[in-house]
file coords04.cif (mmCIF, C-alpha atoms and all ligand atoms)
data_work
#
loop_
_atom_site.label_atom_id
_atom_site.label_comp_id
_atom_site.auth_asym_id
_atom_site.auth_seq_id
_atom_site.Cartn_x
_atom_site.Cartn_y
_atom_site.Cartn_z
CA MET A 1 0.00 0.00 0.00
CA ILE A 2 1.67 3.21 -1.17
CA PHE A 3 0.56 6.76 -0.32
CA ASP A 4 2.11 9.63 -2.32
CA THR A 5 1.33 12.44 0.12
CA HIS A 6 2.26 15.32 -2.20
CA CYS A 7 1.64 15.50 -5.94
CA HIS A 8 0.43 18.29 -8.24
CA ILE A 9 -1.18 16.18 -10.92
CA TYR A 10 -3.40 19.03 -12.12
CA ASP A 11 -0.28 20.49 -13.74
CA ASP A 12 -0.48 21.32 -17.45
CA LYS A 13 2.67 19.26 -18.08
CA TYR A 14 0.55 16.10 -18.09
CA GLU A 15 -0.51 16.14 -21.71
CA GLU A 16 -2.28 12.78 -21.41
CA GLY A 17 -4.88 14.35 -19.07
CA ILE A 18 -5.58 13.97 -15.38
CA ASP A 19 -7.79 10.87 -15.62
CA LYS A 20 -5.13 8.95 -17.49
CA VAL A 21 -2.50 9.99 -14.91
CA VAL A 22 -4.64 8.81 -11.99
CA GLU A 23 -5.52 5.52 -13.72
CA THR A 24 -1.85 4.82 -14.48
CA CYS A 25 -0.97 5.51 -10.84
CA LEU A 26 -3.61 3.11 -9.59
CA MET A 27 -2.39 0.42 -11.99
CA ASN A 28 1.17 0.94 -10.80
CA GLY A 29 0.75 0.29 -7.11
CA ILE A 30 -0.39 3.66 -5.75
CA SER A 31 -3.20 3.27 -3.20
CA LEU A 32 -3.68 6.86 -2.05
CA MET A 33 -2.71 10.31 -3.29
CA MET A 34 -2.81 13.74 -1.66
CA ILE A 35 -2.98 16.73 -4.02
CA PRO A 36 -2.15 20.09 -2.44
CA GLY A 37 -3.36 23.33 -3.97
CA ASP A 38 -0.99 26.23 -4.58
CA ASN A 39 -3.53 28.94 -5.45
CA ILE A 40 -7.34 29.22 -5.57
CA ASN A 41 -7.67 27.93 -9.11
CA ASN A 42 -5.46 24.88 -8.57
CA SER A 43 -7.15 24.19 -5.22
CA LYS A 44 -10.40 23.93 -7.19
CA LYS A 45 -8.74 21.53 -9.64
CA ALA A 46 -7.45 19.42 -6.72
CA ILE A 47 -10.98 19.25 -5.26
CA ASP A 48 -12.39 18.24 -8.62
CA ILE A 49 -9.92 15.34 -9.03
CA ALA A 50 -10.50 14.19 -5.43
CA SER A 51 -14.25 14.23 -5.99
CA ARG A 52 -13.91 11.91 -8.98
CA PHE A 53 -11.48 9.32 -7.56
CA GLU A 54 -11.97 7.54 -4.27
CA GLU A 55 -8.20 7.13 -3.79
CA VAL A 56 -7.44 10.84 -4.17
CA TYR A 57 -7.59 13.40 -1.35
CA CYS A 58 -6.70 17.06 -1.50
CA ALA A 59 -5.57 20.16 0.35
CA ILE A 60 -6.36 23.79 -0.40
CA GLY A 61 -4.06 26.74 0.08
CA ILE A 62 -2.02 29.60 -1.29
CA HIS A 63 1.66 28.85 -1.87
CA PRO A 64 4.30 31.48 -0.94
CA GLU A 65 5.10 32.02 -4.64
CA GLU A 66 1.42 32.83 -5.26
CA VAL A 67 0.92 35.58 -2.68
CA ASP A 68 0.63 38.20 -5.42
CA SER A 69 -2.20 36.29 -7.12
CA ILE A 70 -4.87 37.41 -4.65
CA ASP A 71 -5.57 39.80 -1.79
CA LEU A 72 -5.10 38.09 1.61
CA GLU A 73 -8.58 38.67 2.99
CA GLU A 74 -10.22 37.63 -0.27
CA GLY A 75 -7.97 34.53 -0.41
CA ILE A 76 -8.97 33.37 3.07
CA LYS A 77 -12.63 34.01 2.29
CA GLN A 78 -12.43 31.92 -0.89
CA LEU A 79 -10.58 29.09 0.87
CA LYS A 80 -13.32 28.99 3.52
CA GLU A 81 -15.98 28.80 0.81
CA LEU A 82 -14.07 26.06 -1.00
CA TYR A 83 -13.77 24.04 2.19
CA LEU A 84 -17.55 23.76 2.37
CA THR A 85 -17.74 22.19 -1.09
CA SER A 86 -15.95 18.88 -0.40
CA ASN A 87 -15.33 16.33 2.33
CA LYS A 88 -12.13 15.17 0.61
CA ILE A 89 -10.21 18.27 1.78
CA LYS A 90 -7.90 17.00 4.51
CA ALA A 91 -5.36 19.83 4.98
CA ILE A 92 -4.47 23.44 4.31
CA GLY A 93 -1.52 23.54 1.92
CA GLU A 94 0.74 24.05 0.55
CA ILE A 95 1.64 27.12 2.55
CA GLY A 96 4.86 28.58 3.92
CA LEU A 97 7.90 30.58 2.90
CA ASP A 98 10.21 30.62 -0.10
CA ARG A 99 13.41 32.63 -0.05
CA TYR A 100 14.93 30.83 -3.00
CA TRP A 101 12.83 32.54 -5.65
CA VAL A 102 11.92 35.61 -3.62
CA LYS A 103 14.53 37.92 -2.15
CA ASP A 104 12.82 41.24 -1.43
CA GLU A 105 11.66 41.82 2.13
CA LYS A 106 8.31 43.26 1.11
CA THR A 107 7.26 40.01 -0.54
CA ILE A 108 8.75 37.93 2.29
CA ASN A 109 6.55 39.90 4.69
CA LYS A 110 3.55 39.17 2.54
CA GLN A 111 4.48 35.48 2.57
CA LYS A 112 4.58 35.62 6.37
CA GLU A 113 1.10 37.17 6.53
CA PHE A 114 -0.35 34.52 4.22
CA PHE A 115 1.39 31.74 6.14
CA ILE A 116 0.12 32.90 9.54
CA ALA A 117 -3.43 33.55 8.31
CA GLN A 118 -3.59 30.07 6.74
CA ILE A 119 -2.29 28.41 9.94
CA GLU A 120 -5.12 30.17 11.75
CA LEU A 121 -7.57 29.00 9.09
CA ALA A 122 -6.35 25.40 9.52
CA ASN A 123 -6.88 25.68 13.28
CA GLU A 124 -10.36 27.06 12.75
CA LEU A 125 -11.24 24.22 10.37
CA HIS A 126 -9.50 21.55 12.51
CA LEU A 127 -7.08 20.63 9.72
CA PRO A 128 -3.35 19.87 9.58
CA ILE A 129 -1.06 21.93 7.35
CA ILE A 130 1.35 21.12 4.51
CA VAL A 131 4.38 23.38 4.78
CA HIS A 132 6.67 24.54 1.98
CA ASP A 133 9.95 25.88 3.36
CA ARG A 134 12.67 26.71 0.90
CA GLU A 135 15.74 28.43 2.35
CA ALA A 136 13.65 29.88 5.16
CA HIS A 137 14.20 27.36 7.98
CA GLY A 138 14.74 29.83 10.83
CA LEU A 139 11.77 31.98 9.95
CA THR A 140 9.50 28.96 9.35
CA LEU A 141 10.33 27.56 12.78
CA GLU A 142 9.80 30.95 14.43
CA ILE A 143 6.32 31.25 12.90
CA LEU A 144 5.35 27.66 13.70
CA LYS A 145 6.36 28.19 17.32
CA LYS A 146 4.47 31.45 17.66
CA HIS A 147 1.36 30.37 15.74
CA THR A 148 1.12 26.71 16.69
CA PRO A 149 -0.81 24.53 14.23
CA LYS A 150 -3.24 22.69 16.52
CA TYR A 151 -3.76 19.72 14.22
CA GLY A 152 -0.15 19.11 13.23
CA GLY A 153 1.27 18.97 9.76
CA VAL A 154 4.11 17.95 7.52
CA LEU A 155 7.24 19.77 6.49
CA HIS A 156 7.13 18.74 2.88
CA CYS A 157 10.23 18.09 0.73
CA PHE A 158 12.43 18.44 3.77
CA SER A 159 15.81 19.95 2.97
CA GLY A 160 17.19 20.84 6.40
CA SER A 161 19.79 19.50 8.80
CA LEU A 162 19.26 16.86 11.50
CA GLU A 163 19.16 19.65 14.06
CA TYR A 164 16.31 21.35 12.19
CA MET A 165 14.57 17.98 11.76
CA ASN A 166 14.63 17.49 15.53
CA GLU A 167 13.10 20.93 16.11
CA ILE A 168 10.32 20.10 13.67
CA LEU A 169 9.74 16.67 15.23
CA LYS A 170 9.46 18.26 18.67
CA MET A 171 6.42 20.12 17.39
CA GLY A 172 4.79 16.80 16.55
CA PHE A 173 5.21 17.35 12.82
CA TYR A 174 5.89 14.80 10.12
CA ILE A 175 8.74 15.05 7.61
CA GLY A 176 8.21 14.45 3.88
CA LEU A 177 10.99 13.09 1.67
CA ASP A 178 10.92 13.09 -2.13
CA GLY A 179 13.04 12.49 -5.23
CA PRO A 180 16.14 14.34 -3.97
CA VAL A 181 16.82 11.52 -1.46
CA THR A 182 17.65 9.35 -4.50
CA TRP A 183 20.04 11.88 -6.04
CA LYS A 184 23.66 10.95 -5.67
CA LYS A 185 24.98 14.15 -4.16
CA ALA A 186 22.02 15.04 -1.97
CA GLU A 187 23.53 14.28 1.42
CA ALA A 188 21.12 16.17 3.67
CA PRO A 189 17.97 14.16 2.79
CA LYS A 190 19.93 10.89 3.02
CA LEU A 191 21.01 11.82 6.53
CA VAL A 192 17.40 12.60 7.44
CA ALA A 193 16.24 9.29 5.92
CA ARG A 194 18.72 7.40 8.09
CA ASN A 195 17.86 9.16 11.35
CA ILE A 196 14.17 9.99 11.31
CA PRO A 197 11.87 7.89 13.53
CA LEU A 198 9.88 5.78 11.07
CA GLU A 199 6.54 6.83 12.59
CA LYS A 200 7.23 10.44 11.54
CA LEU A 201 8.16 9.85 7.91
CA LEU A 202 6.02 10.51 4.81
CA VAL A 203 6.98 9.80 1.20
CA GLU A 204 5.99 12.10 -1.62
CA THR A 205 6.91 13.02 -5.19
CA ASP A 206 5.97 16.70 -5.64
CA SER A 207 5.07 15.61 -9.19
CA PRO A 208 5.66 16.88 -11.84
CA TYR A 209 8.88 18.17 -10.25
CA LEU A 210 11.81 16.64 -8.33
CA THR A 211 11.88 13.40 -10.32
CA PRO A 212 13.83 10.63 -8.61
CA HIS A 213 16.78 8.78 -10.08
CA PRO A 214 16.80 7.10 -12.67
CA TYR A 215 14.24 9.43 -14.31
CA ARG A 216 15.73 12.69 -13.06
CA GLY A 217 15.26 15.48 -15.62
CA LYS A 218 12.03 13.96 -16.94
CA ILE A 219 8.48 14.64 -15.81
CA ASN A 220 7.65 13.07 -12.44
CA TYR A 221 4.72 10.72 -11.68
CA PRO A 222 3.30 9.67 -8.30
CA TYR A 223 4.20 6.00 -8.95
CA TYR A 224 7.90 6.95 -9.08
CA VAL A 225 7.55 7.33 -5.31
CA LYS A 226 8.64 3.69 -5.20
CA TYR A 227 12.18 4.85 -6.02
CA VAL A 228 12.03 7.18 -3.00
CA ILE A 229 10.81 4.28 -0.84
CA ASP A 230 13.52 1.91 -2.13
CA GLU A 231 16.28 4.42 -1.49
CA ILE A 232 15.09 5.13 2.06
CA ALA A 233 14.86 1.37 2.70
CA LYS A 234 18.41 0.91 1.40
CA ILE A 235 19.77 3.73 3.57
CA ARG A 236 18.03 2.44 6.71
CA GLU A 237 18.67 -1.24 5.94
CA ASN A 238 14.94 -1.91 6.13
CA ASN A 239 12.98 -3.64 3.43
CA SER A 240 10.88 -1.50 1.11
CA ARG A 241 7.68 -3.11 2.35
CA GLU A 242 8.26 -1.78 5.87
CA ILE A 243 8.81 1.77 4.61
CA GLU A 244 5.81 1.50 2.33
CA GLU A 245 3.48 0.37 5.08
CA ALA A 246 4.72 2.75 7.76
CA THR A 247 4.48 5.80 5.51
CA TYR A 248 1.03 4.74 4.30
CA GLU A 249 -0.26 4.53 7.88
CA ASN A 250 1.50 7.77 8.84
CA GLY A 251 -0.16 9.63 5.97
CA LYS A 252 -3.58 8.31 6.88
CA ARG A 253 -3.05 9.27 10.53
CA LEU A 254 -1.90 12.82 9.73
CA PHE A 255 -4.71 13.55 7.27
CA GLY A 256 -7.41 11.72 9.21
CA ILE A 257 -8.17 9.27 6.41
CA ARG A 258 -9.92 6.05 7.46
NI NI B 1 4.40 21.05 -3.88
#
call {"tool": "encode", "arguments": {"input": "coords04.cif", "output": "structure tokens"}}
result
Amino acid sequence: MIFDTHCHIYDDKYEEGIDKVVETCLMNGISLMMIPGDNINNSKKAIDIASRFEEVYCAIGIHPEEVDSIDLEEGIKQLKELYLTSNKIKAIGEIGLDRYWVKDEKTINKQKEFFIAQIELANELHLPIIVHDREAHGLTLEILKKHTPKYGGVLHCFSGSLEYMNEILKMGFYIGLDGPVTWKKAEAPKLVARNIPLEKLLVETDSPYLTPHPYRGKINYPYYVKYVIDEIAKIRENNSREIEEATYENGKRLFGIR
């Protein structure tokens, strides 16, 4: 049983169409998928896919790179309205901070406002959060400590040190690992894979991006998550089945899926 807890399969890169992508995933060993939204429009697409496939769940949210796409108040209002339209929405995400693409302080401040407001929304709706943190570890931790998510969450595509991992785990959060753990020179995620308590680990693809070895450079698919699982198993000297089952149960627990 495999659960890809983070894939953007509404992306235009999938020329074959969403239905074909989902069907291929189900034929290739994927049991559950979580599709996060990154703006209002894509959150709607995520809801639509989840409503059509039993195995697909979704999250809604405004990504830090999308904070200029909508006014904050209007964004929160629309997310609240969207939430009422589906019982397959299991988290607010993906939300957070991105200092890789964004350098100016004005936009970083806007990212902070969106992040905090969406944590509060998640608390109000009794939902966990899916956090995007790229080159903003210190600030992410500061906000999470000050505005505690009451229903937990995952730090998706984790790229930090063991020390940062421990801080995140102390908050009761899960850690998501993706394709980079399979890349030869990516030492940080390999170190995390070796040391993380298994009950706190999620596997994800972030499809269509971050494609694992041996397909790196090509478009990513949720069923390639098996390469992430195999690499983690190899690093930890577990068998793949153990990783598969633990991460499947962890994902269901975090997102409240029965
Ligand atoms: Ni993502």
call {"tool": "residues_near_ligand", "arguments": {"input": "coords04.cif", "ligand": "ligand NI 1 (chain B)", "cutoff": "10 Å", "atoms": "only C-alpha atoms and all ligand atoms", "output": "VMD selection string"}}
result
chain A and resid 5 to 8 35 to 38 63 93 to 95 130 to 132 156 to 157 204 to 210
call {"tool": "write_last_selection", "arguments": {"input": "coords04.cif", "atoms": "C-alpha atoms", "output": "mmCIF file, in the coordinates of the input"}}
result
data_model
loop_
_atom_site.group_PDB
_atom_site.id
_atom_site.type_symbol
_atom_site.label_atom_id
_atom_site.label_comp_id
_atom_site.auth_asym_id
_atom_site.auth_seq_id
_atom_site.Cartn_x
_atom_site.Cartn_y
_atom_site.Cartn_z
ATOM 1 C CA THR A 5 1.330 12.440 0.120
ATOM 2 C CA HIS A 6 2.260 15.320 -2.200
ATOM 3 C CA CYS A 7 1.640 15.500 -5.940
ATOM 4 C CA HIS A 8 0.430 18.290 -8.240
ATOM 5 C CA ILE A 35 -2.980 16.730 -4.020
ATOM 6 C CA PRO A 36 -2.150 20.090 -2.440
ATOM 7 C CA GLY A 37 -3.360 23.330 -3.970
ATOM 8 C CA ASP A 38 -0.990 26.230 -4.580
ATOM 9 C CA HIS A 63 1.660 28.850 -1.870
ATOM 10 C CA GLY A 93 -1.520 23.540 1.920
ATOM 11 C CA GLU A 94 0.740 24.050 0.550
ATOM 12 C CA ILE A 95 1.640 27.120 2.550
ATOM 13 C CA ILE A 130 1.350 21.120 4.510
ATOM 14 C CA VAL A 131 4.380 23.380 4.780
ATOM 15 C CA HIS A 132 6.670 24.540 1.980
ATOM 16 C CA HIS A 156 7.130 18.740 2.880
ATOM 17 C CA CYS A 157 10.230 18.090 0.730
ATOM 18 C CA GLU A 204 5.990 12.100 -1.620
ATOM 19 C CA THR A 205 6.910 13.020 -5.190
ATOM 20 C CA ASP A 206 5.970 16.700 -5.640
ATOM 21 C CA SER A 207 5.070 15.610 -9.190
ATOM 22 C CA PRO A 208 5.660 16.880 -11.840
ATOM 23 C CA TYR A 209 8.880 18.170 -10.250
ATOM 24 C CA LEU A 210 11.810 16.640 -8.330
#
call {"tool": "closest_residue", "arguments": {"input": "coords04.cif", "among": "A:Phe115, A:Phe255, A:Phe158, A:Tyr164", "to": "A:Ala193", "atoms": "only C-alpha atoms"}}
result
A:Phe158
call {"tool": "residues_near_point", "arguments": {"input": "coords04.cif", "point": "(9.4, 11.0, -11.6)", "cutoff": "9 Å", "atoms": "only C-alpha atoms", "output": "ChimeraX atom specification"}}
result
/A:179,205-225,227
call {"tool": "write_last_selection", "arguments": {"input": "coords04.cif", "atoms": "C-alpha atoms", "output": "tab-separated table (two decimals), in the frame of the given file"}}
result
chain	number	residue	atom	x	y	z
A	179	GLY	CA	13.04	12.49	-5.23
A	205	THR	CA	6.91	13.02	-5.19
A	206	ASP	CA	5.97	16.70	-5.64
A	207	SER	CA	5.07	15.61	-9.19
A	208	PRO	CA	5.66	16.88	-11.84
A	209	TYR	CA	8.88	18.17	-10.25
A	210	LEU	CA	11.81	16.64	-8.33
A	211	THR	CA	11.88	13.40	-10.32
A	212	PRO	CA	13.83	10.63	-8.61
A	213	HIS	CA	16.78	8.78	-10.08
A	214	PRO	CA	16.80	7.10	-12.67
A	215	TYR	CA	14.24	9.43	-14.31
A	216	ARG	CA	15.73	12.69	-13.06
A	217	GLY	CA	15.26	15.48	-15.62
A	218	LYS	CA	12.03	13.96	-16.94
A	219	ILE	CA	8.48	14.64	-15.81
A	220	ASN	CA	7.65	13.07	-12.44
A	221	TYR	CA	4.72	10.72	-11.68
A	222	PRO	CA	3.30	9.67	-8.30
A	223	TYR	CA	4.20	6.00	-8.95
A	224	TYR	CA	7.90	6.95	-9.08
A	225	VAL	CA	7.55	7.33	-5.31
A	227	TYR	CA	12.18	4.85	-6.02
call {"tool": "axis_aligned_box", "arguments": {"input": "coords04.cif", "around": "stretch 8-24 of chain A", "padding_each_side": "3 Å", "output": "AutoDock Vina command-line options"}}
result
--center_x -2.6 --center_y 13.1 --center_z -15.0 --size_x 16.5 --size_y 22.5 --size_z 19.5
call {"tool": "atom_distance", "arguments": {"input": "coords04.cif", "atom1": "atom CA of A:Met33", "atom2": "atom CA of A:Glu199"}}
result
18.7 Å
call {"tool": "closest_residue", "arguments": {"input": "coords04.cif", "among": "A:Pro128, A:Gly160, A:Gly172, A:Gly256", "to": "A:Glu187", "atoms": "all atoms listed in the file"}}
result
A:Gly160
call {"tool": "atom_distance", "arguments": {"input": "coords04.cif", "atom1": "atom CA of A:Lys77", "atom2": "atom CA of A:Asp48"}}
result
19.2 Å
call {"tool": "atom_distance", "arguments": {"input": "coords04.cif", "atom1": "atom CA of A:Ile232", "atom2": "atom CA of A:Arg194"}}
result
7.4 Å
call {"tool": "closest_residue", "arguments": {"input": "coords04.cif", "among": "A:Ile9, A:Ile60, A:Leu32, A:Ile92", "to": "A:Lys252", "atoms": "all atoms listed in the file"}}
result
A:Leu32
call {"tool": "closest_residue", "arguments": {"input": "coords04.cif", "among": "A:Leu72, A:Ala91, A:Ile235, A:Cys25", "to": "A:Asn195", "atoms": "all atoms listed in the file"}}
result
A:Ile235
call {"tool": "residues_around", "arguments": {"input": "coords04.cif", "residues": "A:Leu254", "least_positions_apart": "6", "cutoff": "10 Å", "atoms": "all atoms listed in the file", "output": "ChimeraX atom specification"}}
result
/A:90-91,127-129,151-154,173-174,200,202
call {"tool": "decode", "arguments": {"input": "coords04.cif", "residues": "stretch 127-206 of chain A", "atoms": "C-alpha atoms", "output": "mmCIF file, in the first residue's frame"}}
result
data_model
loop_
_atom_site.group_PDB
_atom_site.id
_atom_site.type_symbol
_atom_site.label_atom_id
_atom_site.label_comp_id
_atom_site.auth_asym_id
_atom_site.auth_seq_id
_atom_site.Cartn_x
_atom_site.Cartn_y
_atom_site.Cartn_z
ATOM 1 C CA LEU A 127 -7.084 20.628 9.719
ATOM 2 C CA PRO A 128 -3.348 19.870 9.579
ATOM 3 C CA ILE A 129 -1.056 21.930 7.349
ATOM 4 C CA ILE A 130 1.353 21.116 4.509
ATOM 5 C CA VAL A 131 4.377 23.385 4.781
ATOM 6 C CA HIS A 132 6.669 24.538 1.982
ATOM 7 C CA ASP A 133 9.953 25.884 3.360
ATOM 8 C CA ARG A 134 12.668 26.711 0.903
ATOM 9 C CA GLU A 135 15.742 28.429 2.346
ATOM 10 C CA ALA A 136 13.654 29.878 5.162
ATOM 11 C CA HIS A 137 14.205 27.358 7.977
ATOM 12 C CA GLY A 138 14.743 29.834 10.831
ATOM 13 C CA LEU A 139 11.765 31.982 9.952
ATOM 14 C CA THR A 140 9.505 28.965 9.351
ATOM 15 C CA LEU A 141 10.330 27.565 12.779
ATOM 16 C CA GLU A 142 9.797 30.951 14.426
ATOM 17 C CA ILE A 143 6.318 31.255 12.899
ATOM 18 C CA LEU A 144 5.349 27.656 13.704
ATOM 19 C CA LYS A 145 6.356 28.189 17.322
ATOM 20 C CA LYS A 146 4.467 31.446 17.658
ATOM 21 C CA HIS A 147 1.361 30.369 15.744
ATOM 22 C CA THR A 148 1.124 26.709 16.685
ATOM 23 C CA PRO A 149 -0.809 24.530 14.232
ATOM 24 C CA LYS A 150 -3.235 22.688 16.516
ATOM 25 C CA TYR A 151 -3.761 19.725 14.216
ATOM 26 C CA GLY A 152 -0.152 19.113 13.231
ATOM 27 C CA GLY A 153 1.266 18.969 9.758
ATOM 28 C CA VAL A 154 4.113 17.952 7.521
ATOM 29 C CA LEU A 155 7.238 19.773 6.488
ATOM 30 C CA HIS A 156 7.129 18.738 2.884
ATOM 31 C CA CYS A 157 10.234 18.093 0.735
ATOM 32 C CA PHE A 158 12.429 18.441 3.774
ATOM 33 C CA SER A 159 15.811 19.948 2.967
ATOM 34 C CA GLY A 160 17.185 20.838 6.397
ATOM 35 C CA SER A 161 19.792 19.498 8.801
ATOM 36 C CA LEU A 162 19.263 16.861 11.500
ATOM 37 C CA GLU A 163 19.159 19.649 14.060
ATOM 38 C CA TYR A 164 16.307 21.347 12.188
ATOM 39 C CA MET A 165 14.573 17.977 11.762
ATOM 40 C CA ASN A 166 14.635 17.490 15.532
ATOM 41 C CA GLU A 167 13.105 20.928 16.115
ATOM 42 C CA ILE A 168 10.322 20.102 13.671
ATOM 43 C CA LEU A 169 9.737 16.669 15.229
ATOM 44 C CA LYS A 170 9.463 18.261 18.669
ATOM 45 C CA MET A 171 6.422 20.120 17.391
ATOM 46 C CA GLY A 172 4.785 16.800 16.548
ATOM 47 C CA PHE A 173 5.212 17.350 12.821
ATOM 48 C CA TYR A 174 5.886 14.797 10.121
ATOM 49 C CA ILE A 175 8.743 15.049 7.608
ATOM 50 C CA GLY A 176 8.207 14.454 3.875
ATOM 51 C CA LEU A 177 10.994 13.092 1.670
ATOM 52 C CA ASP A 178 10.917 13.089 -2.131
ATOM 53 C CA GLY A 179 13.044 12.493 -5.226
ATOM 54 C CA PRO A 180 16.136 14.341 -3.966
ATOM 55 C CA VAL A 181 16.821 11.520 -1.461
ATOM 56 C CA THR A 182 17.647 9.351 -4.505
ATOM 57 C CA TRP A 183 20.036 11.884 -6.042
ATOM 58 C CA LYS A 184 23.665 10.946 -5.669
ATOM 59 C CA LYS A 185 24.982 14.145 -4.164
ATOM 60 C CA ALA A 186 22.018 15.041 -1.966
ATOM 61 C CA GLU A 187 23.533 14.278 1.416
ATOM 62 C CA ALA A 188 21.115 16.169 3.674
ATOM 63 C CA PRO A 189 17.972 14.158 2.792
ATOM 64 C CA LYS A 190 19.933 10.891 3.016
ATOM 65 C CA LEU A 191 21.005 11.819 6.530
ATOM 66 C CA VAL A 192 17.403 12.598 7.437
ATOM 67 C CA ALA A 193 16.245 9.286 5.918
ATOM 68 C CA ARG A 194 18.718 7.403 8.085
ATOM 69 C CA ASN A 195 17.859 9.159 11.347
ATOM 70 C CA ILE A 196 14.168 9.987 11.311
ATOM 71 C CA PRO A 197 11.870 7.889 13.529
ATOM 72 C CA LEU A 198 9.880 5.784 11.069
ATOM 73 C CA GLU A 199 6.540 6.826 12.587
ATOM 74 C CA LYS A 200 7.228 10.440 11.541
ATOM 75 C CA LEU A 201 8.165 9.845 7.908
ATOM 76 C CA LEU A 202 6.017 10.507 4.813
ATOM 77 C CA VAL A 203 6.978 9.796 1.205
ATOM 78 C CA GLU A 204 5.991 12.103 -1.621
ATOM 79 C CA THR A 205 6.906 13.019 -5.194
ATOM 80 C CA ASP A 206 5.975 16.696 -5.643
#
